[in-house]
file input_37.cif (mmCIF, C-alpha atoms and all ligand atoms)
data_entry
#
loop_
_atom_site.group_PDB
_atom_site.id
_atom_site.type_symbol
_atom_site.label_atom_id
_atom_site.label_comp_id
_atom_site.auth_asym_id
_atom_site.auth_seq_id
_atom_site.Cartn_x
_atom_site.Cartn_y
_atom_site.Cartn_z
ATOM 1 C CA MET A 1 106.746 124.197 89.543
ATOM 2 C CA PRO A 2 105.379 124.967 93.025
ATOM 3 C CA ALA A 3 103.469 122.140 94.675
ATOM 4 C CA ALA A 4 100.216 124.121 94.435
ATOM 5 C CA GLU A 5 100.388 124.056 90.613
ATOM 6 C CA LEU A 6 100.853 120.303 90.337
ATOM 7 C CA PRO A 7 98.003 118.430 88.694
ATOM 8 C CA ALA A 8 95.942 116.273 91.020
ATOM 9 C CA PRO A 9 98.098 113.231 91.788
ATOM 10 C CA ARG A 10 96.942 109.789 90.768
ATOM 11 C CA THR A 11 98.179 108.326 94.023
ATOM 12 C CA ALA A 12 99.325 104.779 94.612
ATOM 13 C CA ALA A 13 96.541 104.324 97.128
ATOM 14 C CA ALA A 14 93.801 105.570 94.810
ATOM 15 C CA ALA A 15 94.947 103.908 91.612
ATOM 16 C CA GLU A 16 96.342 100.578 92.735
ATOM 17 C CA SER A 17 94.511 99.606 95.907
ATOM 18 C CA ASP A 18 91.941 97.452 94.120
ATOM 19 C CA SER A 19 94.113 96.156 91.265
ATOM 20 C CA ALA A 20 95.313 92.541 91.080
ATOM 21 C CA PRO A 21 98.381 91.449 93.043
ATOM 22 C CA VAL A 22 101.339 90.839 90.735
ATOM 23 C CA VAL A 23 103.856 89.976 93.462
ATOM 24 C CA ALA A 24 102.778 88.194 96.636
ATOM 25 C CA VAL A 25 105.547 87.460 99.134
ATOM 26 C CA ASP A 26 104.207 85.697 102.209
ATOM 27 C CA ARG A 27 106.248 85.344 105.406
ATOM 28 C CA VAL A 28 109.514 84.729 103.573
ATOM 29 C CA THR A 29 112.701 83.965 105.452
ATOM 30 C CA VAL A 30 116.016 83.431 103.654
ATOM 31 C CA ARG A 31 118.813 82.027 105.814
ATOM 32 C CA PHE A 32 122.346 81.730 104.467
ATOM 33 C CA GLY A 33 124.891 79.410 106.135
ATOM 34 C CA ASP A 34 123.689 76.769 108.549
ATOM 35 C CA GLY A 35 126.825 76.728 110.714
ATOM 36 C CA GLY A 36 127.375 73.137 109.644
ATOM 37 C CA GLY A 37 130.780 73.514 107.981
ATOM 38 C CA ARG A 38 132.981 70.413 108.161
ATOM 39 C CA PHE A 39 135.814 72.192 109.909
ATOM 40 C CA ARG A 40 135.174 74.049 113.113
ATOM 41 C CA ARG A 41 137.038 77.178 111.990
ATOM 42 C CA ALA A 42 135.127 77.300 108.712
ATOM 43 C CA ARG A 43 131.802 77.500 110.531
ATOM 44 C CA THR A 44 130.047 80.840 110.426
ATOM 45 C CA ALA A 45 126.894 81.994 112.134
ATOM 46 C CA PRO A 46 123.859 81.777 109.860
ATOM 47 C CA VAL A 47 122.646 85.060 108.374
ATOM 48 C CA ASP A 48 118.950 85.841 108.154
ATOM 49 C CA ALA A 49 119.098 87.878 104.946
ATOM 50 C CA LEU A 50 115.300 88.102 105.167
ATOM 51 C CA SER A 51 113.143 87.363 108.190
ATOM 52 C CA ASP A 52 109.379 86.921 107.950
ATOM 53 C CA VAL A 53 108.987 89.346 105.043
ATOM 54 C CA SER A 54 105.529 89.801 103.524
ATOM 55 C CA LEU A 55 104.879 92.095 100.579
ATOM 56 C CA THR A 56 102.147 92.547 98.005
ATOM 57 C CA VAL A 57 102.827 94.602 94.874
ATOM 58 C CA ARG A 58 99.772 95.349 92.765
ATOM 59 C CA GLU A 59 99.404 95.914 89.059
ATOM 60 C CA GLY A 60 100.815 99.262 87.972
ATOM 61 C CA GLU A 61 102.636 99.943 91.240
ATOM 62 C CA PHE A 62 106.242 101.143 91.225
ATOM 63 C CA ALA A 63 107.621 99.689 94.466
ATOM 64 C CA VAL A 64 111.068 100.829 95.563
ATOM 65 C CA LEU A 65 113.134 98.900 98.119
ATOM 66 C CA VAL A 66 115.562 101.162 99.974
ATOM 67 C CA GLY A 67 117.789 100.545 102.970
ATOM 68 C CA PRO A 68 121.360 100.149 104.193
ATOM 69 C CA SER A 69 123.867 97.733 102.736
ATOM 70 C CA GLY A 70 123.136 94.139 103.727
ATOM 71 C CA CYS A 71 119.443 94.608 104.625
ATOM 72 C CA GLY A 72 118.317 92.038 102.050
ATOM 73 C CA LYS A 73 117.134 94.185 99.122
ATOM 74 C CA THR A 74 118.873 92.098 96.477
ATOM 75 C CA THR A 75 117.882 88.864 98.189
ATOM 76 C CA LEU A 76 114.219 89.909 98.132
ATOM 77 C CA LEU A 77 114.465 90.846 94.458
ATOM 78 C CA ARG A 78 116.150 87.489 93.679
ATOM 79 C CA VAL A 79 113.353 85.617 95.463
ATOM 80 C CA VAL A 80 110.741 87.477 93.390
ATOM 81 C CA ALA A 81 112.731 86.781 90.188
ATOM 82 C CA GLY A 82 112.936 83.061 91.029
ATOM 83 C CA PHE A 83 116.754 83.157 91.259
ATOM 84 C CA ALA A 84 116.694 82.355 95.005
ATOM 85 C CA GLN A 85 114.416 80.084 96.995
ATOM 86 C CA PRO A 86 112.968 81.098 100.365
ATOM 87 C CA THR A 87 114.064 79.000 103.347
ATOM 88 C CA THR A 88 110.497 79.324 104.630
ATOM 89 C CA GLY A 89 107.443 81.127 103.271
ATOM 90 C CA THR A 90 106.299 81.568 99.684
ATOM 91 C CA ALA A 91 106.731 83.966 96.788
ATOM 92 C CA ARG A 92 104.201 84.182 93.948
ATOM 93 C CA VAL A 93 104.217 86.177 90.725
ATOM 94 C CA HIS A 94 100.845 86.332 89.002
ATOM 95 C CA GLY A 95 99.721 83.553 91.329
ATOM 96 C CA ALA A 96 102.482 81.053 90.498
ATOM 97 C CA ALA A 97 105.960 80.269 91.812
ATOM 98 C CA PRO A 98 108.374 82.564 89.941
ATOM 99 C CA VAL A 99 110.380 80.999 87.112
ATOM 100 C CA PRO A 100 113.489 82.970 86.056
ATOM 101 C CA GLY A 101 112.868 84.883 82.853
ATOM 102 C CA ARG A 102 109.191 83.944 82.493
ATOM 103 C CA GLY A 103 107.047 87.062 82.325
ATOM 104 C CA VAL A 104 109.624 88.995 84.340
ATOM 105 C CA GLY A 105 112.302 91.376 83.013
ATOM 106 C CA VAL A 106 115.399 91.892 85.157
ATOM 107 C CA VAL A 107 117.979 94.700 84.969
ATOM 108 C CA PHE A 108 121.135 94.556 87.101
ATOM 109 C CA GLN A 109 123.660 97.198 88.192
ATOM 110 C CA GLN A 110 125.936 96.183 85.313
ATOM 111 C CA PRO A 111 124.313 95.915 81.861
ATOM 112 C CA ARG A 112 125.639 92.347 81.273
ATOM 113 C CA LEU A 113 125.321 92.599 77.484
ATOM 114 C CA PHE A 114 127.067 90.224 75.072
ATOM 115 C CA PRO A 115 130.127 92.333 74.136
ATOM 116 C CA TRP A 116 130.763 90.491 70.859
ATOM 117 C CA ARG A 117 127.267 91.211 69.516
ATOM 118 C CA THR A 118 125.884 94.437 68.171
ATOM 119 C CA VAL A 119 123.141 96.280 70.035
ATOM 120 C CA GLY A 120 120.595 94.770 67.622
ATOM 121 C CA GLY A 121 122.213 91.339 68.068
ATOM 122 C CA ASN A 122 121.764 91.560 71.834
ATOM 123 C CA LEU A 123 118.110 92.457 71.423
ATOM 124 C CA ALA A 124 117.560 89.819 68.713
ATOM 125 C CA PHE A 125 118.890 87.171 71.104
ATOM 126 C CA ALA A 126 116.345 88.184 73.759
ATOM 127 C CA LEU A 127 113.553 88.391 71.164
ATOM 128 C CA ALA A 128 114.426 84.885 69.864
ATOM 129 C CA ARG A 129 114.217 83.504 73.401
ATOM 130 C CA HIS A 130 110.805 85.136 73.659
ATOM 131 C CA GLY A 131 109.703 83.313 70.477
ATOM 132 C CA VAL A 132 109.640 86.309 68.105
ATOM 133 C CA PRO A 133 110.076 85.008 64.518
ATOM 134 C CA HIS A 134 113.400 85.807 62.846
ATOM 135 C CA ALA A 135 111.782 88.036 60.215
ATOM 136 C CA ASP A 136 110.215 90.304 62.860
ATOM 137 C CA ARG A 137 113.219 90.723 65.141
ATOM 138 C CA ALA A 138 114.941 93.689 63.455
ATOM 139 C CA ALA A 139 111.750 95.776 63.471
ATOM 140 C CA ARG A 140 110.975 94.818 67.077
ATOM 141 C CA ALA A 141 114.563 95.705 68.083
ATOM 142 C CA GLU A 142 114.132 99.150 66.490
ATOM 143 C CA GLU A 143 110.864 99.671 68.404
ATOM 144 C CA LEU A 144 112.586 98.747 71.665
ATOM 145 C CA LEU A 145 115.478 101.114 70.937
ATOM 146 C CA ASP A 146 112.963 103.898 70.276
ATOM 147 C CA ARG A 147 111.411 103.253 73.682
ATOM 148 C CA VAL A 148 114.763 103.733 75.451
ATOM 149 C CA ARG A 149 115.697 106.706 73.251
ATOM 150 C CA LEU A 150 118.424 104.997 71.240
ATOM 151 C CA PRO A 151 116.872 105.116 67.770
ATOM 152 C CA GLY A 152 119.053 103.864 64.932
ATOM 153 C CA MET A 153 121.705 102.358 67.251
ATOM 154 C CA SER A 154 121.051 98.765 66.233
ATOM 155 C CA HIS A 155 124.308 98.300 64.292
ATOM 156 C CA ARG A 156 126.566 99.792 66.955
ATOM 157 C CA ARG A 157 128.956 97.574 68.900
ATOM 158 C CA VAL A 158 128.360 97.344 72.645
ATOM 159 C CA TRP A 159 131.877 98.622 73.397
ATOM 160 C CA GLU A 160 131.180 101.766 71.351
ATOM 161 C CA LEU A 161 128.414 102.820 73.773
ATOM 162 C CA SER A 162 128.664 104.880 76.957
ATOM 163 C CA GLY A 163 127.703 103.317 80.297
ATOM 164 C CA GLY A 164 124.325 105.041 80.192
ATOM 165 C CA GLN A 165 123.650 103.866 76.641
ATOM 166 C CA GLN A 166 124.585 100.301 77.579
ATOM 167 C CA GLN A 167 122.177 100.423 80.502
ATOM 168 C CA ARG A 168 119.445 101.681 78.151
ATOM 169 C CA VAL A 169 120.103 98.638 75.947
ATOM 170 C CA ALA A 170 119.860 96.405 79.038
ATOM 171 C CA ILE A 171 116.459 97.957 79.810
ATOM 172 C CA ALA A 172 115.360 97.442 76.186
ATOM 173 C CA ARG A 173 116.481 93.813 76.425
ATOM 174 C CA ALA A 174 114.440 93.354 79.610
ATOM 175 C CA LEU A 175 111.416 94.828 77.797
ATOM 176 C CA ALA A 176 111.902 92.429 74.836
ATOM 177 C CA ALA A 177 109.925 89.701 76.567
ATOM 178 C CA GLU A 178 107.020 92.135 77.123
ATOM 179 C CA PRO A 179 107.219 91.549 80.868
ATOM 180 C CA ARG A 180 104.279 92.438 83.051
ATOM 181 C CA LEU A 181 106.782 92.792 85.891
ATOM 182 C CA LEU A 182 110.115 94.592 85.719
ATOM 183 C CA LEU A 183 112.741 94.070 88.458
ATOM 184 C CA LEU A 184 115.674 96.501 88.624
ATOM 185 C CA ASP A 185 118.592 96.099 91.052
ATOM 186 C CA GLU A 186 120.434 99.433 91.439
ATOM 187 C CA PRO A 187 120.487 99.857 87.664
ATOM 188 C CA PHE A 188 121.897 103.391 87.734
ATOM 189 C CA ALA A 189 124.413 103.045 90.583
ATOM 190 C CA ALA A 190 127.456 102.917 88.293
ATOM 191 C CA LEU A 191 126.450 105.929 86.172
ATOM 192 C CA ASP A 192 127.459 109.577 86.429
ATOM 193 C CA ALA A 193 124.976 111.907 88.140
ATOM 194 C CA LEU A 194 123.555 113.548 84.997
ATOM 195 C CA THR A 195 123.043 110.275 83.113
ATOM 196 C CA ARG A 196 121.504 108.811 86.218
ATOM 197 C CA GLU A 197 118.980 111.667 86.501
ATOM 198 C CA ARG A 198 118.027 111.362 82.855
ATOM 199 C CA LEU A 199 117.528 107.594 83.078
ATOM 200 C CA GLN A 200 115.479 107.963 86.267
ATOM 201 C CA GLU A 201 113.145 110.310 84.413
ATOM 202 C CA GLU A 202 112.919 107.992 81.408
ATOM 203 C CA VAL A 203 112.201 104.858 83.452
ATOM 204 C CA ARG A 204 109.546 106.676 85.480
ATOM 205 C CA THR A 205 107.814 107.908 82.341
ATOM 206 C CA LEU A 206 108.144 104.540 80.584
ATOM 207 C CA ALA A 207 106.562 102.724 83.543
ATOM 208 C CA ALA A 208 103.728 105.272 83.772
ATOM 209 C CA ARG A 209 103.047 105.063 80.022
ATOM 210 C CA THR A 210 103.076 101.247 79.816
ATOM 211 C CA ARG A 211 101.571 100.672 83.282
ATOM 212 C CA THR A 212 104.284 98.096 83.912
ATOM 213 C CA THR A 213 104.564 96.875 87.500
ATOM 214 C CA VAL A 214 108.058 97.589 88.818
ATOM 215 C CA VAL A 215 110.154 96.555 91.815
ATOM 216 C CA PHE A 216 113.281 98.708 92.023
ATOM 217 C CA VAL A 217 116.218 98.472 94.456
ATOM 218 C CA THR A 218 118.281 101.527 95.401
ATOM 219 C CA HIS A 219 120.424 103.033 98.164
ATOM 220 C CA SER A 220 119.323 106.532 97.234
ATOM 221 C CA ALA A 221 116.468 108.265 99.061
ATOM 222 C CA ASP A 222 116.155 110.835 96.237
ATOM 223 C CA GLU A 223 115.837 108.107 93.626
ATOM 224 C CA ALA A 224 113.300 106.239 95.794
ATOM 225 C CA VAL A 225 111.008 109.270 96.186
ATOM 226 C CA LEU A 226 111.284 110.322 92.560
ATOM 227 C CA LEU A 227 110.548 106.876 91.121
ATOM 228 C CA GLY A 228 108.329 105.043 93.562
ATOM 229 C CA SER A 229 104.583 105.108 93.900
ATOM 230 C CA ARG A 230 105.501 103.485 97.177
ATOM 231 C CA VAL A 231 108.780 103.105 99.081
ATOM 232 C CA LEU A 232 109.544 100.124 101.301
ATOM 233 C CA VAL A 233 112.186 100.939 103.885
ATOM 234 C CA MET A 234 114.224 97.883 104.797
ATOM 235 C CA ALA A 235 116.383 97.284 107.866
ATOM 236 C CA ALA A 236 119.187 94.797 108.499
ATOM 237 C CA SER A 237 120.012 92.041 111.004
ATOM 238 C CA PRO A 238 117.670 90.448 110.292
ATOM 239 C CA GLY A 239 116.569 91.756 106.900
ATOM 240 C CA ARG A 240 113.006 93.025 107.137
ATOM 241 C CA ILE A 241 110.569 95.687 105.939
ATOM 242 C CA ALA A 242 110.528 98.478 108.523
ATOM 243 C CA ALA A 243 108.188 100.989 106.838
ATOM 244 C CA ASP A 244 105.935 101.294 103.802
ATOM 245 C CA LEU A 245 105.539 104.895 102.588
ATOM 246 C CA PRO A 246 103.063 105.876 99.867
ATOM 247 C CA ILE A 247 104.458 108.513 97.489
ATOM 248 C CA PRO A 248 101.494 110.606 96.316
ATOM 249 C CA LEU A 249 103.304 112.462 93.498
ATOM 250 C CA PRO A 250 101.701 112.705 90.032
ATOM 251 C CA ARG A 251 102.449 109.674 87.858
ATOM 252 C CA ASN A 252 101.116 110.117 84.376
ATOM 253 C CA ALA A 253 102.819 109.618 81.025
ATOM 254 C CA ASP A 254 103.023 113.418 80.590
ATOM 255 C CA THR A 255 104.168 114.318 84.134
ATOM 256 C CA ASP A 256 107.049 116.820 84.050
ATOM 257 C CA VAL A 257 109.436 114.609 86.020
ATOM 258 C CA PRO A 258 112.430 117.011 86.204
ATOM 259 C CA ALA A 259 110.125 119.682 87.662
ATOM 260 C CA LEU A 260 108.986 117.284 90.395
ATOM 261 C CA ARG A 261 112.450 117.375 91.959
ATOM 262 C CA GLY A 262 111.997 121.070 92.790
ATOM 263 C CA THR A 263 108.557 120.839 94.400
ATOM 264 C CA ALA A 264 107.792 121.320 98.073
ATOM 265 C CA GLU A 265 105.951 117.989 98.080
ATOM 266 C CA PHE A 266 109.072 116.179 96.836
ATOM 267 C CA ALA A 267 111.142 117.823 99.609
ATOM 268 C CA ARG A 268 108.543 116.859 102.223
ATOM 269 C CA LEU A 269 108.458 113.217 101.112
ATOM 270 C CA ARG A 270 112.260 113.116 100.919
ATOM 271 C CA ALA A 271 112.456 114.345 104.541
ATOM 272 C CA GLU A 272 109.825 111.809 105.604
ATOM 273 C CA LEU A 273 111.813 109.001 103.979
ATOM 274 C CA SER A 274 115.088 110.170 105.590
ATOM 275 C CA ALA A 275 113.383 110.132 108.987
ATOM 276 C CA ALA A 276 112.074 106.609 108.329
ATOM 277 C CA LEU A 277 115.565 105.448 107.282
ATOM 278 C CA ARG A 278 117.035 106.827 110.506
ATOM 279 C CA GLY A 279 114.085 105.927 112.723
ATOM 280 C CA PRO A 280 113.958 103.238 115.415
ATOM 281 C CA ALA A 281 112.071 100.744 113.212
ATOM 282 C CA ALA A 282 114.891 100.793 110.640
ATOM 283 C CA ARG A 283 117.684 100.164 113.153
HETATM 284 N N1 LIG B 301 124.936 83.841 98.716
HETATM 285 C C1 LIG B 301 125.077 84.304 99.966
HETATM 286 N N2 LIG B 301 125.685 83.564 100.926
HETATM 287 C C2 LIG B 301 125.808 84.020 102.193
HETATM 288 N N3 LIG B 301 125.327 85.199 102.605
HETATM 289 C C3 LIG B 301 124.710 85.975 101.691
HETATM 290 C C4 LIG B 301 124.561 85.573 100.328
HETATM 291 N N4 LIG B 301 123.893 86.550 99.654
HETATM 292 C C5 LIG B 301 123.668 87.528 100.556
HETATM 293 N N5 LIG B 301 124.149 87.188 101.763
HETATM 294 C C6 LIG B 301 124.049 87.983 102.999
HETATM 295 O O1 LIG B 301 122.684 88.319 103.173
HETATM 296 C C7 LIG B 301 122.538 89.654 103.644
HETATM 297 C C8 LIG B 301 121.671 90.439 102.671
HETATM 298 O O2 LIG B 301 122.388 90.598 101.429
HETATM 299 P P1 LIG B 301 121.789 91.410 100.189
HETATM 300 O O3 LIG B 301 122.798 91.369 99.100
HETATM 301 O O4 LIG B 301 120.428 90.920 99.901
HETATM 302 O O5 LIG B 301 121.688 92.880 100.822
HETATM 303 P P2 LIG B 301 121.481 94.272 100.076
HETATM 304 O O6 LIG B 301 120.541 95.051 100.937
HETATM 305 O O7 LIG B 301 121.092 94.070 98.662
HETATM 306 O O8 LIG B 301 122.951 94.879 100.160
HETATM 307 P P3 LIG B 301 123.677 95.948 99.202
HETATM 308 O O9 LIG B 301 122.878 97.204 99.314
HETATM 309 O O10 LIG B 301 125.036 96.095 99.802
HETATM 310 O O11 LIG B 301 123.708 95.382 97.820
HETATM 311 C C9 LIG B 301 123.958 90.184 103.814
HETATM 312 O O12 LIG B 301 124.339 90.017 105.159
HETATM 313 C C10 LIG B 301 124.782 89.298 102.904
HETATM 314 O O13 LIG B 301 126.105 89.185 103.380
#
call {"tool": "encode", "arguments": {"input": "input_37.cif", "output": "structure tokens"}}
result
Amino acid sequence: MPAAELPAPRTAAAAESDSAPVVAVDRVTVRFGDGGGRFRRARTAPVDALSDVSLTVREGEFAVLVGPSGCGKTTLLRVVAGFAQPTTGTARVHGAAPVPGRGVGVVFQQPRLFPWRTVGGNLAFALARHGVPHADRAARAEELLDRVRLPGMSHRRVWELSGGQQQRVAIARALAAEPRLLLLDEPFAALDALTRERLQEEVRTLAARTRTTVVFVTHSADEAVLLGSRVLVMAASPGRIAADLPIPLPRNADTDVPALRGTAEFARLRAELSAALRGPAAR
């Protein structure tokens, strides 16, 4: 579809600028290694994985963190999830210090499912932790599988599924707790190119339909532009946010996502992001 035929975009700026902050990261520094090892040779210089990072993600935004290896993307996501504590500064999710698993769904590069349980068993475990009564869990698991396009797969064993199907189950498990915030750390990096494209399209549509706030980590500029309502370019040594690019592509539940990849606007934004990744601020 040529860019001229695209429906008017509901841009990040227009739709989310006045919505409530879901994530508020304020002047966060994370320093690993204090150089205080007991033996001189074991001492290493401290690493500022993040230095003075501030970030606000508002309700309904799809924020993508992109940047070179070691620039602190995973560390920032772990701080927001409550898995890592800032050395200085504060992180807040819905106004409170983040507690792992509370109101936040997390998806990692590897699906990390229980291999001895069925697909339904994996989802039932997550639903139980979320307080869903036993009698309701099978029906809820089926609903979740519908949402990730795996209907009727509840009785399958995890090892019977492809990598892409396992990652869909991991996404369904993250959705089990009805999170208002979804954090994804390179969830498609281990998948083949076609599966990856399909899952990108599904996650984009799912987020648009449910208006879930998302923070997504990737190395891929294509993935960042396709998925994000906004892309945060990070740079290393020390880890920091070097640029914040709005992505004014259409984001509705019925947007034809595959067609977006072929538009002139997508190509323009992709070039803009590449320039930002190579630019002086990102070095
Ligand atoms: N637990 C740790 N102890 C010491 N250093 C760490 C630890 N975790 C991360 N680091 C360092 O912090 C920096 C940022 O790491 P992080 O994993 O956040 O980067 P990243 O951008 O996610 O990298 P990648 O894209 O390769 O996954 C790196 O220099 C890394 O070596």
call {"tool": "resolve_selection", "arguments": {"input": "input_37.cif", "expression": "the PyMOL selection byres (((not hetatm)) within 12 of (chain B and resi 301))", "output": "PyMOL selection string"}}
result
chain A and resi 29-35+44-51+65-79+83-85+108-109+184-187+189+216-220+233-241
call {"tool": "atom_distance", "arguments": {"input": "input_37.cif", "atom1": "CA of Val104 in chain A", "atom2": "CA of Val23 in chain A"}}
result
10.8 Å
call {"tool": "resolve_selection", "arguments": {"input": "input_37.cif", "expression": "the PyMOL selection byres (((chain A and resi 183) around 7) and not hetatm)", "output": "VMD selection string"}}
result
chain A and resid 105 to 107 181 to 182 184 to 185 214 to 216
call {"tool": "atom_distance", "arguments": {"input": "input_37.cif", "atom1": "CA of Glu272 in chain A", "atom2": "CA of Arg230 in chain A"}}
result
12.6 Å
call {"tool": "resolve_selection", "arguments": {"input": "input_37.cif", "expression": "the PyMOL selection byres (((chain A and resi 244) around 10) and not hetatm)", "output": "list in words"}}
result
Leu55, Ala63, Val64, Leu65, Arg230, Val231, Leu232, Val233, Met234, Ile241, Ala242, Ala243, Leu245, Pro246, Ile247, Leu273 and Ala276 of chain A
call {"tool": "closest_residue", "arguments": {"input": "input_37.cif", "among": "A:Thr56, A:Ser229, A:Thr88, A:Gln165", "to": "Gln110 in chain A", "atoms": "all atoms listed in the file"}}
result
A:Gln165
call {"tool": "closest_residue", "arguments": {"input": "input_37.cif", "among": "A:Pro86, A:Pro258, A:Gly131, A:Pro250", "to": "Ala176 in chain A", "atoms": "all atoms listed in the file"}}
result
A:Gly131
call {"tool": "residues_around", "arguments": {"input": "input_37.cif", "residues": "Arg168 in chain A", "least_positions_apart": "5", "cutoff": "9 Å", "atoms": "only C-alpha atoms", "output": "PyMOL selection string"}}
result
chain A and resi 111+145+148-150+163+173+199
call {"tool": "write_last_selection", "arguments": {"input": "input_37.cif", "atoms": "C-alpha atoms", "output": "compact mmCIF listing (two decimals), keeping the file's coordinate frame"}}
result
# COMPACT_ATOMS: atom_id res chain seq x y z
CA PRO A 111 124.31 95.92 81.86
CA LEU A 145 115.48 101.11 70.94
CA VAL A 148 114.76 103.73 75.45
CA ARG A 149 115.70 106.71 73.25
CA LEU A 150 118.42 105.00 71.24
CA GLY A 163 127.70 103.32 80.30
CA ARG A 173 116.48 93.81 76.42
CA LEU A 199 117.53 107.59 83.08
call {"tool": "atom_distance", "arguments": {"input": "input_37.cif", "atom1": "CA of Trp116 in chain A", "atom2": "CA of Arg157 in chain A"}}
result
7.6 Å
call {"tool": "closest_residue", "arguments": {"input": "input_37.cif", "among": "A:Arg147, A:Glu178, A:Thr210, A:Glu223", "to": "Arg196 in chain A", "atoms": "all atoms listed in the file"}}
result
A:Glu223
call {"tool": "closest_atom_pairs", "arguments": {"input": "input_37.cif", "of": "range 164-245 of chain A", "to": "range 119-125 of chain A", "cutoff": "10 Å", "atoms": "only C-alpha atoms", "output": "JSON lines"}}
result
{"residue": "A:Gln166", "atom": "CA", "partner": "A:Val119", "partner_atom": "CA", "distance": 8.7}
{"residue": "A:Val169", "atom": "CA", "partner": "A:Val119", "partner_atom": "CA", "distance": 7.1}
{"residue": "A:Ala170", "atom": "CA", "partner": "A:Leu123", "partner_atom": "CA", "distance": 8.8}
{"residue": "A:Ala172", "atom": "CA", "partner": "A:Leu123", "partner_atom": "CA", "distance": 7.4}
{"residue": "A:Arg173", "atom": "CA", "partner": "A:Leu123", "partner_atom": "CA", "distance": 5.4}
{"residue": "A:Ala174", "atom": "CA", "partner": "A:Leu123", "partner_atom": "CA", "distance": 9.0}
{"residue": "A:Leu175", "atom": "CA", "partner": "A:Leu123", "partner_atom": "CA", "distance": 9.5}
{"residue": "A:Ala176", "atom": "CA", "partner": "A:Leu123", "partner_atom": "CA", "distance": 7.1}
call {"tool": "closest_residue", "arguments": {"input": "input_37.cif", "among": "A:Pro133, A:Gly262, A:Pro115, A:Pro98", "to": "Trp159 in chain A", "atoms": "all atoms listed in the file"}}
result
A:Pro115
call {"tool": "residues_around", "arguments": {"input": "input_37.cif", "residues": "Gly60 in chain A", "least_positions_apart": "6", "cutoff": "8 Å", "atoms": "all atoms listed in the file", "output": "ChimeraX atom specification"}}
result
/A:16,208,211-214
call {"tool": "residues_around", "arguments": {"input": "input_37.cif", "residues": "Ala24 in chain A", "least_positions_apart": "6", "cutoff": "10 Å", "atoms": "all atoms listed in the file", "output": "ChimeraX atom specification"}}
result
/A:54-58,80,90-97
call {"tool": "closest_residue", "arguments": {"input": "input_37.cif", "among": "A:Ala141, A:Gly152, A:Gly103, A:Val225", "to": "Ala271 in chain A", "atoms": "all atoms listed in the file"}}
result
A:Val225
call {"tool": "build_atoms", "arguments": {"input": "input_37.cif", "residues": "range 166-177 of chain A", "atoms": "N, CA and C atoms", "output": "compact mmCIF listing (two decimals), in the frame of the given file"}}
result
# COMPACT_ATOMS: atom_id res chain seq x y z
N GLN A 166 124.61 101.76 77.37
CA GLN A 166 124.58 100.30 77.58
C GLN A 166 123.45 99.92 78.54
N GLN A 167 123.25 100.76 79.56
CA GLN A 167 122.18 100.42 80.50
C GLN A 167 120.81 100.60 79.83
N ARG A 168 120.70 101.55 78.91
CA ARG A 168 119.44 101.68 78.15
C ARG A 168 119.19 100.42 77.33
N VAL A 169 120.26 99.87 76.73
CA VAL A 169 120.10 98.64 75.95
C VAL A 169 119.66 97.50 76.88
N ALA A 170 120.25 97.45 78.08
CA ALA A 170 119.86 96.40 79.04
C ALA A 170 118.37 96.53 79.40
N ILE A 171 117.89 97.76 79.52
CA ILE A 171 116.46 97.96 79.81
C ILE A 171 115.63 97.51 78.61
N ALA A 172 116.08 97.88 77.40
CA ALA A 172 115.36 97.44 76.19
C ALA A 172 115.32 95.92 76.11
N ARG A 173 116.44 95.29 76.45
CA ARG A 173 116.48 93.81 76.42
C ARG A 173 115.48 93.23 77.43
N ALA A 174 115.40 93.84 78.62
CA ALA A 174 114.44 93.35 79.61
C ALA A 174 113.01 93.52 79.11
N LEU A 175 112.77 94.58 78.31
CA LEU A 175 111.42 94.83 77.80
C LEU A 175 111.08 93.92 76.62
N ALA A 176 112.11 93.24 76.05
CA ALA A 176 111.90 92.43 74.84
C ALA A 176 110.87 91.33 75.07
N ALA A 177 110.85 90.81 76.28
CA ALA A 177 109.92 89.70 76.57
C ALA A 177 108.54 90.21 76.98
